[in-house]
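Q: Next up, start-v7.cif (mmCIF, C-alpha atoms).
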data_structure
loop_
_atom_site.label_atom_id
_atom_site.label_comp_id
_atom_site.auth_asym_id
_atom_site.auth_seq_id
_atom_site.Cartn_x
_atom_site.Cartn_y
_atom_site.Cartn_z
CA MET K 1 20.91 -282.84 54.08
CA ALA K 2 17.96 -280.45 54.04
CA ALA K 3 20.19 -277.56 52.96
CA VAL K 4 21.59 -279.59 50.06
CA PHE K 5 18.12 -280.64 48.93
CA ARG K 6 16.82 -277.08 49.02
CA SER K 7 19.96 -275.76 47.30
CA LEU K 8 19.14 -278.06 44.38
CA GLY K 9 15.72 -276.50 43.91
CA ALA K 10 13.47 -278.59 46.16
CA THR K 11 10.54 -276.69 47.66
CA SER K 12 9.93 -279.25 50.43
CA THR K 13 12.22 -281.57 52.38
CA ARG K 14 9.52 -284.19 52.93
CA PRO K 15 10.93 -286.61 50.29
CA ILE K 16 14.19 -286.95 52.27
CA HIS K 17 12.81 -287.13 55.82
CA SER K 18 13.10 -290.91 56.14
CA LEU K 19 16.57 -290.89 54.57
CA ALA K 20 17.77 -288.15 56.93
CA ALA K 21 16.44 -290.13 59.89
CA ALA K 22 18.20 -293.26 58.60
CA PHE K 23 21.58 -291.55 58.38
CA GLN K 24 21.08 -289.96 61.78
CA LEU K 25 20.38 -293.38 63.29
CA ILE K 26 23.50 -294.80 61.63
CA HIS K 27 25.54 -291.92 63.03
CA THR K 28 24.08 -292.40 66.52
CA ALA K 29 24.75 -296.13 66.39
CA THR K 30 28.41 -295.49 65.59
CA LEU K 31 28.69 -293.12 68.58
CA VAL K 32 27.26 -295.79 70.88
CA HIS K 33 29.70 -298.40 69.58
CA ASP K 34 32.57 -295.89 69.71
CA ASP K 35 31.89 -295.34 73.41
CA VAL K 36 32.14 -299.09 73.96
CA ILE K 37 35.42 -299.35 72.04
CA ASP K 38 36.93 -296.24 73.66
CA HIS K 39 35.74 -297.13 77.19
CA ALA K 40 34.13 -293.67 77.29
CA GLU K 41 32.57 -292.62 80.56
CA THR K 42 30.68 -289.59 79.27
CA ARG K 43 29.08 -288.26 76.11
CA ARG K 44 28.09 -284.57 75.95
CA GLY K 45 28.30 -284.20 79.70
CA ARG K 46 26.15 -287.23 80.49
CA PRO K 47 27.00 -290.87 81.19
CA SER K 48 27.73 -292.74 77.98
CA MET K 49 25.41 -295.60 77.07
CA PRO K 50 27.85 -298.34 78.15
CA ARG K 51 28.40 -296.48 81.42
CA ALA K 52 24.66 -296.03 82.03
CA PHE K 53 23.36 -299.40 80.84
CA GLY K 54 26.38 -301.68 80.54
CA VAL K 55 28.43 -302.84 77.57
CA PRO K 56 26.11 -305.69 76.39
CA LEU K 57 23.06 -303.40 76.14
CA ALA K 58 25.14 -300.68 74.47
CA ILE K 59 26.28 -303.13 71.79
CA VAL K 60 22.81 -304.49 71.02
CA GLY K 61 21.35 -300.98 71.29
CA GLY K 62 23.73 -299.78 68.59
CA ASP K 63 22.86 -302.82 66.47
CA TYR K 64 19.16 -302.02 66.89
CA LEU K 65 19.71 -298.49 65.59
CA PHE K 66 21.46 -299.86 62.50
CA VAL K 67 18.51 -302.17 61.79
CA ARG K 68 15.98 -299.38 62.16
CA ALA K 69 18.07 -297.17 59.89
CA PHE K 70 17.89 -299.69 57.06
CA GLU K 71 14.15 -300.11 57.56
CA LEU K 72 13.80 -296.38 56.90
CA ALA K 73 16.20 -296.48 53.95
CA ALA K 74 14.25 -299.36 52.36
CA GLU K 75 11.71 -296.97 50.82
CA TYR K 76 14.40 -295.52 48.54
CA SER K 77 16.11 -296.82 45.41
CA LYS K 78 18.50 -299.75 45.41
CA SER K 79 21.44 -297.45 44.67
CA ILE K 80 20.73 -295.37 47.79
CA ILE K 81 20.35 -298.47 49.98
CA LEU K 82 23.67 -299.77 48.63
CA ARG K 83 25.28 -296.40 49.35
CA CYS K 84 24.07 -296.64 52.96
CA GLY K 85 25.54 -300.14 53.20
CA GLU K 86 28.86 -299.04 51.74
CA ALA K 87 29.05 -296.19 54.26
CA CYS K 88 28.49 -298.67 57.11
CA ALA K 89 31.16 -300.99 55.70
CA ASP K 90 33.54 -298.02 55.51
CA LEU K 91 32.83 -297.24 59.17
CA VAL K 92 33.81 -300.77 60.19
CA GLU K 93 36.92 -300.76 58.00
CA GLY K 94 37.94 -297.42 59.54
CA GLU K 95 37.59 -298.80 63.04
CA VAL K 96 39.68 -301.86 62.16
CA LEU K 97 42.37 -299.68 60.57
CA GLN K 98 42.44 -297.40 63.61
CA ASP K 99 42.74 -300.33 66.00
CA ALA K 100 45.61 -301.74 63.92
CA SER K 101 47.60 -298.52 64.40
CA ARG K 102 47.03 -297.96 68.12
CA PHE K 103 50.16 -296.74 69.95
CA ASP K 104 52.01 -296.68 66.62
CA LEU K 105 53.23 -293.23 65.56
CA SER K 106 55.00 -294.72 62.55
CA SER K 107 51.61 -295.40 60.94
CA GLY K 108 51.84 -291.95 59.34
CA ARG K 109 49.56 -289.40 57.74
CA GLU K 110 48.41 -291.59 54.86
CA HIS K 111 47.08 -294.22 57.26
CA TYR K 112 45.44 -291.51 59.37
CA PHE K 113 43.52 -290.15 56.39
CA ARG K 114 42.46 -293.66 55.36
CA VAL K 115 40.91 -294.02 58.82
CA VAL K 116 39.23 -290.60 58.81
CA GLU K 117 37.84 -291.00 55.30
CA ARG K 118 36.11 -294.21 56.40
CA LYS K 119 35.13 -293.40 59.99
CA THR K 120 33.96 -289.80 59.58
CA ALA K 121 33.86 -288.61 55.98
CA ALA K 122 32.21 -291.55 54.21
CA ILE K 123 28.84 -291.32 55.95
CA ILE K 124 28.51 -287.57 55.31
CA GLY K 125 29.48 -287.97 51.66
CA ALA K 126 27.04 -290.85 51.23
CA ALA K 127 24.18 -288.90 52.83
CA LEU K 128 24.65 -285.86 50.61
CA ALA K 129 25.19 -287.89 47.43
CA SER K 130 21.95 -289.72 48.19
CA VAL K 131 20.06 -286.44 48.59
CA ALA K 132 21.48 -285.22 45.29
CA GLU K 133 20.35 -288.44 43.61
CA ILE K 134 16.80 -287.94 44.90
CA ALA K 135 16.91 -284.39 43.50
CA GLU K 136 17.70 -285.94 40.08
CA VAL K 137 20.68 -283.73 39.34
CA PRO K 138 23.47 -284.71 36.89
CA PRO K 139 25.98 -287.34 38.09
CA ALA K 140 28.73 -284.69 38.23
CA THR K 141 26.71 -282.74 40.81
CA VAL K 142 26.10 -285.92 42.83
CA ASP K 143 29.86 -286.51 42.87
CA ALA K 144 30.55 -282.88 43.79
CA LEU K 145 28.23 -283.01 46.78
CA GLN K 146 29.75 -286.29 47.90
CA SER K 147 33.16 -284.61 47.71
CA TYR K 148 31.81 -281.65 49.69
CA GLY K 149 30.50 -283.98 52.39
CA LYS K 150 33.74 -285.93 52.63
CA SER K 151 35.85 -282.77 52.83
CA VAL K 152 33.64 -281.32 55.57
CA GLY K 153 33.89 -284.63 57.42
CA ILE K 154 37.68 -284.60 57.29
CA ALA K 155 37.83 -280.95 58.39
CA PHE K 156 35.44 -281.78 61.24
CA GLN K 157 37.59 -284.71 62.39
CA ILE K 158 40.81 -282.70 62.30
CA ARG K 159 39.10 -280.07 64.45
CA ASP K 160 37.98 -282.88 66.76
CA ASP K 161 41.62 -283.97 67.10
CA LEU K 162 42.56 -280.44 68.16
CA LEU K 163 39.69 -280.13 70.62
CA ASP K 164 40.75 -283.37 72.29
CA VAL K 165 43.97 -281.61 73.30
CA TYR K 166 43.08 -277.91 73.37
CA GLY K 167 39.32 -277.88 73.98
CA ASP K 168 37.28 -276.94 77.02
CA PRO K 169 36.11 -280.16 78.72
CA ASP K 170 33.04 -278.40 80.11
CA LEU K 171 31.94 -277.38 76.61
CA LEU K 172 32.87 -280.74 75.11
CA GLY K 173 31.09 -282.67 77.83
CA LYS K 174 33.93 -285.16 78.09
CA PRO K 175 37.51 -285.22 79.39
CA LEU K 176 40.46 -284.15 77.27
CA TYR K 177 43.27 -286.35 75.93
CA THR K 178 41.09 -289.36 75.04
CA ASP K 179 43.07 -290.14 71.87
CA LEU K 180 46.39 -289.75 73.66
CA ARG K 181 45.17 -291.99 76.48
CA GLU K 182 43.88 -294.67 74.10
CA GLY K 183 46.93 -294.46 71.82
CA ASN K 184 45.02 -293.38 68.70
CA PRO K 185 47.39 -291.59 66.32
CA THR K 186 45.66 -288.37 65.25
CA LEU K 187 46.93 -285.61 63.02
CA VAL K 188 47.89 -283.73 66.20
CA SER K 189 50.07 -286.53 67.59
CA LEU K 190 51.53 -287.42 64.18
CA GLU K 191 52.49 -283.82 63.39
CA THR K 192 53.91 -283.34 66.88
CA TYR K 193 56.04 -286.45 66.53
CA ALA K 194 57.29 -285.37 63.10
CA ARG K 195 58.22 -281.85 64.22
CA LEU K 196 60.06 -282.53 67.48
CA ASP K 197 63.83 -282.79 67.71
CA PRO K 198 65.19 -286.35 68.15
CA ARG K 199 65.44 -286.17 71.96
CA HIS K 200 61.91 -284.90 72.48
CA GLN K 201 60.63 -287.16 69.70
CA ALA K 202 61.90 -290.21 71.59
CA GLU K 203 60.26 -288.96 74.78
CA PHE K 204 56.96 -288.32 73.02
CA GLU K 205 56.96 -291.78 71.45
CA GLU K 206 57.76 -293.50 74.76
CA LEU K 207 54.94 -291.70 76.56
CA PHE K 208 52.49 -292.24 73.71
CA GLN K 209 53.12 -295.98 73.79
CA HIS K 210 52.24 -296.31 77.50
CA ARG K 211 49.19 -298.55 77.83
CA ARG K 212 48.20 -297.11 81.22
CA LYS K 213 48.91 -293.41 81.12
CA ARG K 214 48.73 -291.35 84.27
CA THR K 215 47.77 -287.68 84.38
CA LYS K 216 51.40 -286.59 84.44
CA HIS K 217 52.05 -288.53 81.22
CA LEU K 218 49.13 -286.85 79.45
CA LEU K 219 50.18 -283.39 80.61
CA ARG K 220 53.73 -283.98 79.41
CA LEU K 221 52.41 -285.09 76.01
CA ARG K 222 50.46 -281.83 75.91
CA GLU K 223 53.63 -279.85 76.76
CA LEU K 224 55.50 -281.55 73.93
CA THR K 225 52.62 -280.80 71.56
CA ASP K 226 52.88 -277.13 72.51
CA LEU K 227 56.64 -277.25 71.99
CA ALA K 228 56.19 -278.56 68.46
CA GLY K 229 53.77 -275.76 67.55
CA THR K 230 51.28 -278.32 66.31
CA ASP K 231 48.13 -276.33 67.03
CA ALA K 232 48.69 -273.77 64.26
CA VAL K 233 49.88 -276.36 61.74
CA VAL K 234 46.89 -278.66 62.19
CA SER K 235 44.46 -275.72 62.27
CA ARG K 236 45.74 -274.62 58.87
CA GLU K 237 45.23 -278.10 57.48
CA SER K 238 41.63 -278.21 58.70
CA MET K 239 40.98 -274.89 56.98
CA GLU K 240 42.46 -276.27 53.75
CA TRP K 241 39.87 -279.06 53.84
CA THR K 242 37.15 -276.48 54.41
CA ALA K 243 38.34 -274.57 51.35
CA ARG K 244 38.27 -277.80 49.36
CA ALA K 245 34.70 -278.43 50.48
CA ILE K 246 33.59 -274.97 49.38
CA ARG K 247 35.24 -275.39 45.98
CA ALA K 248 33.27 -278.61 45.52
CA LEU K 249 30.03 -276.60 45.69
CA GLU K 250 30.72 -274.98 42.31
CA PRO K 251 27.96 -276.94 40.47
CA VAL K 252 25.38 -275.93 43.11
CA PRO K 253 23.27 -272.89 42.12
CA ASP K 254 24.13 -269.71 44.00
CA GLY K 255 21.62 -268.72 46.64
CA PRO K 256 20.90 -268.75 50.37
CA TYR K 257 21.21 -272.53 50.74
CA ARG K 258 24.56 -272.70 49.00
CA ARG K 259 25.76 -269.93 51.30
CA LEU K 260 24.42 -271.92 54.26
CA LEU K 261 26.47 -274.92 53.10
CA GLU K 262 29.55 -272.69 52.94
CA ARG K 263 28.88 -271.48 56.51
CA LEU K 264 28.45 -275.06 57.68
CA ALA K 265 31.86 -275.92 56.19
CA HIS K 266 33.45 -273.04 58.08
CA GLY K 267 31.60 -274.07 61.23
CA ALA K 268 33.23 -277.50 61.13
CA VAL K 269 36.61 -275.91 61.88
CA GLU K 270 35.49 -272.95 64.01
CA ARG K 271 33.42 -274.91 66.53
CA ARG K 272 34.42 -275.15 70.19
CA PHE K 273 32.53 -278.36 70.94
#
So that I can check it, write out the structure of this file as structure tokens.
A:
Amino acid sequence: MAAVFRSLGATSTRPIHSLAAAFQLIHTATLVHDDVIDHAETRRGRPSMPRAFGVPLAIVGGDYLFVRAFELAAEYSKSIILRCGEACADLVEGEVLQDASRFDLSSGREHYFRVVERKTAAIIGAALASVAEIAEVPPATVDALQSYGKSVGIAFQIRDDLLDVYGDPDLLGKPLYTDLREGNPTLVSLETYARLDPRHQAEFEELFQHRRKRTKHLLRLRELTDLAGTDAVVSRESMEWTARAIRALEPVPDGPYRRLLERLAHGAVERRF
């Protein structure tokens, strides 16, 4: 958010401090609630909030963060407050859509992107569009920065899908195969399913639909993912979203902060954790 504000000519980031804190609190609240929904034991190598303090306190703790976020956002214009609210509504809709497709590989790519746009991309797009509005740039630039944020968010989530299967659990601070275990169709599992031959496709679907997967089931799903060559395919798609994000920066004046935004877009798909 600071890089966007400075790229648009701001000499100080002070006018957006409260807004940045509000969006960070919203983001943190969603992570807390995600850990409840996903039954997560760890977060960045430490016990998750529900693990450390119990599910009831994790739920109300997340709610508390949402309330504090809107207190901070209240000092801004009505349009920005509404944008914050819409982003939160999108987060909830994304969670509902994801839950509706659990263990269902027939849900397909279109459904997957509807989930990701709401759960991951919407909040980033809303944050950057709000910063652009405070900078008083033309509406086309506001829209462009919202598009940049959404594209980075989608690229980030696709990379997250890959790291859940191919990442280093020590770097991630959490175990691998969470989405496979919970039955969340990601771009990795959907592309694997689509690219396998009928015999292996049936095996993959049967294992994916297990409600109580054992380690051997998860490892076999990983073997089938390797067999399908999904890693390279999904990596290319994440890079395409990064390229789309960078193209969206066209209305932003050239300079060090625009170049920083370009590097951040690349970082979304190059990260190891």
Q: Just to confirm, what's the straight-line distance from atom CA of K:Ala126 to atom CA of K:Arg83 in Å (one decimal)?
A: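 If I compute the distance from atom CA of K:Ala126 to atom CA of K:Arg83, I get 6.1 Å.
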Q: Please tabulate, as a tab-separated table, the residues of stretch 210-251 of chain K that come within 7 Å of stretch 129-144 of chain K, each with its closest pair of atoms and the distance in Å to one decimal, counting all atoms listed in the file and ordering rows by chain, then residue number upward.
A:
residue	atom	partner	partner_atom	distance
K:Ala248	CA	K:Ala144	CA	5.4
K:Leu249	CA	K:Ala144	CA	6.6
K:Pro251	CA	K:Thr141	CA	5.9
Q: Measure the distance from atom CA of K:His17 to atom CA of K:Ile123 in Å and round it to one decimal.
A: 16.6 Å
Q: Between K:Pro185, K:Val60, K:Lys119, K:Tyr166, which one has atoms that come closest to K:Ala100, using all atoms listed in the file?
A: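 Residue with the minimum atom-to-atom distance to K:Ala100: K:Pro185.
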Q: As an mmCIF file with C-alpha atoms, keeping the file's coordinate frame, please: the residues near K:Gln209 (cut-off 10 Å, all atoms listed in the file, same-chain neighbours under 6 positions excluded).
A:
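Once written, selection21.cif looks like this:
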data_model
loop_
_atom_site.group_PDB
_atom_site.id
_atom_site.type_symbol
_atom_site.label_atom_id
_atom_site.label_comp_id
_atom_site.auth_asym_id
_atom_site.auth_seq_id
_atom_site.Cartn_x
_atom_site.Cartn_y
_atom_site.Cartn_z
ATOM 1 C CA ARG K 102 47.030 -297.960 68.120
ATOM 2 C CA PHE K 103 50.160 -296.740 69.950
ATOM 3 C CA ASP K 104 52.010 -296.680 66.620
ATOM 4 C CA LEU K 105 53.230 -293.230 65.560
ATOM 5 C CA LEU K 180 46.390 -289.750 73.660
ATOM 6 C CA ARG K 181 45.170 -291.990 76.480
ATOM 7 C CA GLU K 182 43.880 -294.670 74.100
ATOM 8 C CA GLY K 183 46.930 -294.460 71.820
ATOM 9 C CA ASN K 184 45.020 -293.380 68.700
#
Q: Enclose all atoms of stretch 13-28 of chain K listed in the file in an axis-aligned box, grow every side by 5 Å, and hand back centre and edge lengths in Å to one decimal, as lines of an AutoDock Vina configuration file.
A:
center_x = 17.5
center_y = -288.2
center_z = 58.4
size_x = 26.0
size_y = 23.2
size_z = 26.2
Q: Have a look at atom CA of K:Ser12 and atom CA of K:Asp254 and let me know their distance in Å, one decimal.
A: 18.3 Å
Q: Taking into account all atoms listed in the file, which residue in the set K:Cys84, K:Ala202, K:Ile158, K:Val36 is nearest to K:Glu71?
A: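 Closest residue, counting all atoms listed in the file: K:Cys84.
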Q: Excluding K:Phe156 and residues on its chain fewer than 2 positions from it, collect all residues at most 12 Å away from it, counting all atoms listed in the file, and give them as a PyMOL selection string.
A: chain K and resi 116-117+119-121+124+149-154+158-163+234-235+237-242+245+264-273
Q: Just to be explicit: take each residue in the selection above, keep C-alpha atoms, and write the result as a PDB file, keeping the file's coordinate frame.
A:
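Listed below is the output, again_7.pdb:
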ATOM      1  CA  VAL K 116      39.230-290.600  58.810  1.00  0.00           C
ATOM      2  CA  GLU K 117      37.840-291.000  55.300  1.00  0.00           C
ATOM      3  CA  LYS K 119      35.130-293.400  59.990  1.00  0.00           C
ATOM      4  CA  THR K 120      33.960-289.800  59.580  1.00  0.00           C
ATOM      5  CA  ALA K 121      33.860-288.610  55.980  1.00  0.00           C
ATOM      6  CA  ILE K 124      28.510-287.570  55.310  1.00  0.00           C
ATOM      7  CA  GLY K 149      30.500-283.980  52.390  1.00  0.00           C
ATOM      8  CA  LYS K 150      33.740-285.930  52.630  1.00  0.00           C
ATOM      9  CA  SER K 151      35.850-282.770  52.830  1.00  0.00           C
ATOM     10  CA  VAL K 152      33.640-281.320  55.570  1.00  0.00           C
ATOM     11  CA  GLY K 153      33.890-284.630  57.420  1.00  0.00           C
ATOM     12  CA  ILE K 154      37.680-284.600  57.290  1.00  0.00           C
ATOM     13  CA  ILE K 158      40.810-282.700  62.300  1.00  0.00           C
ATOM     14  CA  ARG K 159      39.100-280.070  64.450  1.00  0.00           C
ATOM     15  CA  ASP K 160      37.980-282.880  66.760  1.00  0.00           C
ATOM     16  CA  ASP K 161      41.620-283.970  67.100  1.00  0.00           C
ATOM     17  CA  LEU K 162      42.560-280.440  68.160  1.00  0.00           C
ATOM     18  CA  LEU K 163      39.690-280.130  70.620  1.00  0.00           C
ATOM     19  CA  VAL K 234      46.890-278.660  62.190  1.00  0.00           C
ATOM     20  CA  SER K 235      44.460-275.720  62.270  1.00  0.00           C
ATOM     21  CA  GLU K 237      45.230-278.100  57.480  1.00  0.00           C
ATOM     22  CA  SER K 238      41.630-278.210  58.700  1.00  0.00           C
ATOM     23  CA  MET K 239      40.980-274.890  56.980  1.00  0.00           C
ATOM     24  CA  GLU K 240      42.460-276.270  53.750  1.00  0.00           C
ATOM     25  CA  TRP K 241      39.870-279.060  53.840  1.00  0.00           C
ATOM     26  CA  THR K 242      37.150-276.480  54.410  1.00  0.00           C
ATOM     27  CA  ALA K 245      34.700-278.430  50.480  1.00  0.00           C
ATOM     28  CA  LEU K 264      28.450-275.060  57.680  1.00  0.00           C
ATOM     29  CA  ALA K 265      31.860-275.920  56.190  1.00  0.00           C
ATOM     30  CA  HIS K 266      33.450-273.040  58.080  1.00  0.00           C
ATOM     31  CA  GLY K 267      31.600-274.070  61.230  1.00  0.00           C
ATOM     32  CA  ALA K 268      33.230-277.500  61.130  1.00  0.00           C
ATOM     33  CA  VAL K 269      36.610-275.910  61.880  1.00  0.00           C
ATOM     34  CA  GLU K 270      35.490-272.950  64.010  1.00  0.00           C
ATOM     35  CA  ARG K 271      33.420-274.910  66.530  1.00  0.00           C
ATOM     36  CA  ARG K 272      34.420-275.150  70.190  1.00  0.00           C
ATOM     37  CA  PHE K 273      32.530-278.360  70.940  1.00  0.00           C
TER      38      PHE K 273
END
Q: I'd like to know which of K:Val233, K:Leu207, K:Leu176, K:Ala29 is closest to K:Arg220, using all atoms listed in the file.
A: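 Using all atoms listed in the file, the shortest distance to K:Arg220 belongs to K:Leu207.
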Q: Counting all atoms listed in the file, figure out which residue out of K:Glu75, K:Asp63, K:Asp38, K:Asp99 gets nearest to K:Ile16.
A: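 Comparing K:Glu75, K:Asp63, K:Asp38, K:Asp99 against K:Ile16, the winner is K:Glu75.
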Q: List the neighbours of K:Leu72 out to 9 Å using all atoms listed in the file; skip same-chain residues closer than 4 positions along the sequence, and give me the result as a list of chain:residue names.
A: K:Ser18, K:Leu19, K:Ala21, K:Ala22, K:Val67, K:Arg68, K:Tyr76
Q: Considering only C-alpha atoms, can you say which of K:Ala20, K:Leu97, K:Leu172, K:Val92 comes closest to K:Gly45?
A: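 Under the stated criterion, the closest residue is K:Leu172.
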Q: With all atoms listed in the file as the atoms that count, which of K:Arg214, K:Thr11, K:Thr186, K:Arg247 lies nearest to K:Ser101?
A: K:Thr186
Q: I would like the residues chosen by the PyMOL selection byres ((chain K and resi 26) around 8) on the shown file; could you give them as an MDAnalysis selection string?
A: chainID K and resid 22:25 27:30 65:66 69 88
Q: Just the selected residues (C-alpha atoms), exported as a compact mmCIF listing (two decimals), in the coordinates of the input, please.
A:
# COMPACT_ATOMS: atom_id res chain seq x y z
CA ALA K 22 18.20 -293.26 58.60
CA PHE K 23 21.58 -291.55 58.38
CA GLN K 24 21.08 -289.96 61.78
CA LEU K 25 20.38 -293.38 63.29
CA HIS K 27 25.54 -291.92 63.03
CA THR K 28 24.08 -292.40 66.52
CA ALA K 29 24.75 -296.13 66.39
CA THR K 30 28.41 -295.49 65.59
CA LEU K 65 19.71 -298.49 65.59
CA PHE K 66 21.46 -299.86 62.50
CA ALA K 69 18.07 -297.17 59.89
CA CYS K 88 28.49 -298.67 57.11
Q: Set the distance at 10 Å and use all atoms listed in the file: which residues neighbour K:Ala40 once local chain neighbours fewer than 3 positions away are removed? I'd like the list as a VMD selection string.
A: chain K and resid 32 34 to 37 43 47 to 51 174 to 175 178
Q: Okay, now the selection with C-alpha atoms, as a PDB file, in the coordinates of the input?
A:
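Result saved to part34.pdb:
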ATOM      1  CA  VAL K  32      27.260-295.790  70.880  1.00  0.00           C
ATOM      2  CA  ASP K  34      32.570-295.890  69.710  1.00  0.00           C
ATOM      3  CA  ASP K  35      31.890-295.340  73.410  1.00  0.00           C
ATOM      4  CA  VAL K  36      32.140-299.090  73.960  1.00  0.00           C
ATOM      5  CA  ILE K  37      35.420-299.350  72.040  1.00  0.00           C
ATOM      6  CA  ARG K  43      29.080-288.260  76.110  1.00  0.00           C
ATOM      7  CA  PRO K  47      27.000-290.870  81.190  1.00  0.00           C
ATOM      8  CA  SER K  48      27.730-292.740  77.980  1.00  0.00           C
ATOM      9  CA  MET K  49      25.410-295.600  77.070  1.00  0.00           C
ATOM     10  CA  PRO K  50      27.850-298.340  78.150  1.00  0.00           C
ATOM     11  CA  ARG K  51      28.400-296.480  81.420  1.00  0.00           C
ATOM     12  CA  LYS K 174      33.930-285.160  78.090  1.00  0.00           C
ATOM     13  CA  PRO K 175      37.510-285.220  79.390  1.00  0.00           C
ATOM     14  CA  THR K 178      41.090-289.360  75.040  1.00  0.00           C
TER      15      THR K 178
END
Q: Neighbours of K:Thr230 within 9 Å (only C-alpha atoms; same-chain residues fewer than 4 positions away dropped), as an MDAnalysis selection string?
A: chainID K and resid 188:189 191:192 195 225:226 234:235
Q: When the PyMOL selection byres ((chain K and resi 1-9) around 6) is applied to the structure above, which residues does it catch, written out as a list of chain:residue names?
A: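 That selection, the PyMOL selection byres ((chain K and resi 1-9) around 6), comes back as K:Ala10, K:Leu128, K:Tyr257, K:Arg258.
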Q: The selected residues should be written to file as an mmCIF file, in the coordinates of the input (atoms: C-alpha atoms).
A:
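New file selection-v7.cif:
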data_model
loop_
_atom_site.group_PDB
_atom_site.id
_atom_site.type_symbol
_atom_site.label_atom_id
_atom_site.label_comp_id
_atom_site.auth_asym_id
_atom_site.auth_seq_id
_atom_site.Cartn_x
_atom_site.Cartn_y
_atom_site.Cartn_z
ATOM 1 C CA ALA K 10 13.470 -278.590 46.160
ATOM 2 C CA LEU K 128 24.650 -285.860 50.610
ATOM 3 C CA TYR K 257 21.210 -272.530 50.740
ATOM 4 C CA ARG K 258 24.560 -272.700 49.000
#
Q: Missing atoms in stretch 12-24 of chain K need filling: write out N, CA and C atoms for it as a PDB file, in the coordinates of the input.
A:
ATOM      1  N   SER K  12      10.276-278.577  49.181  1.00  0.00           N
ATOM      2  CA  SER K  12       9.930-279.250  50.430  1.00  0.00           C
ATOM      3  C   SER K  12      10.984-280.307  50.730  1.00  0.00           C
ATOM      4  N   THR K  13      11.250-280.535  51.997  1.00  0.00           N
ATOM      5  CA  THR K  13      12.220-281.570  52.380  1.00  0.00           C
ATOM      6  C   THR K  13      11.549-282.900  52.701  1.00  0.00           C
ATOM      7  N   ARG K  14      10.244-282.969  52.565  1.00  0.00           N
ATOM      8  CA  ARG K  14       9.520-284.190  52.930  1.00  0.00           C
ATOM      9  C   ARG K  14      10.072-285.446  52.235  1.00  0.00           C
ATOM     10  N   PRO K  15      10.438-285.385  50.942  1.00  0.00           N
ATOM     11  CA  PRO K  15      10.930-286.610  50.290  1.00  0.00           C
ATOM     12  C   PRO K  15      12.188-287.207  50.911  1.00  0.00           C
ATOM     13  N   ILE K  16      12.942-286.419  51.696  1.00  0.00           N
ATOM     14  CA  ILE K  16      14.190-286.950  52.270  1.00  0.00           C
ATOM     15  C   ILE K  16      14.094-287.175  53.773  1.00  0.00           C
ATOM     16  N   HIS K  17      12.920-287.003  54.370  1.00  0.00           N
ATOM     17  CA  HIS K  17      12.810-287.130  55.820  1.00  0.00           C
ATOM     18  C   HIS K  17      13.248-288.508  56.321  1.00  0.00           C
ATOM     19  N   SER K  18      12.746-289.556  55.693  1.00  0.00           N
ATOM     20  CA  SER K  18      13.100-290.910  56.140  1.00  0.00           C
ATOM     21  C   SER K  18      14.592-291.182  55.943  1.00  0.00           C
ATOM     22  N   LEU K  19      15.136-290.687  54.831  1.00  0.00           N
ATOM     23  CA  LEU K  19      16.570-290.890  54.570  1.00  0.00           C
ATOM     24  C   LEU K  19      17.419-290.152  55.602  1.00  0.00           C
ATOM     25  N   ALA K  20      17.027-288.915  55.922  1.00  0.00           N
ATOM     26  CA  ALA K  20      17.770-288.150  56.930  1.00  0.00           C
ATOM     27  C   ALA K  20      17.726-288.850  58.274  1.00  0.00           C
ATOM     28  N   ALA K  21      16.559-289.391  58.624  1.00  0.00           N
ATOM     29  CA  ALA K  21      16.440-290.130  59.890  1.00  0.00           C
ATOM     30  C   ALA K  21      17.313-291.377  59.870  1.00  0.00           C
ATOM     31  N   ALA K  22      17.374-292.052  58.707  1.00  0.00           N
ATOM     32  CA  ALA K  22      18.200-293.260  58.600  1.00  0.00           C
ATOM     33  C   ALA K  22      19.669-292.951  58.837  1.00  0.00           C
ATOM     34  N   PHE K  23      20.169-291.898  58.197  1.00  0.00           N
ATOM     35  CA  PHE K  23      21.580-291.550  58.380  1.00  0.00           C
ATOM     36  C   PHE K  23      21.858-291.058  59.797  1.00  0.00           C
ATOM     37  N   GLN K  24      20.887-290.383  60.404  1.00  0.00           N
ATOM     38  CA  GLN K  24      21.080-289.960  61.780  1.00  0.00           C
ATOM     39  C   GLN K  24      21.151-291.167  62.720  1.00  0.00           C
TER      40      GLN K  24
END
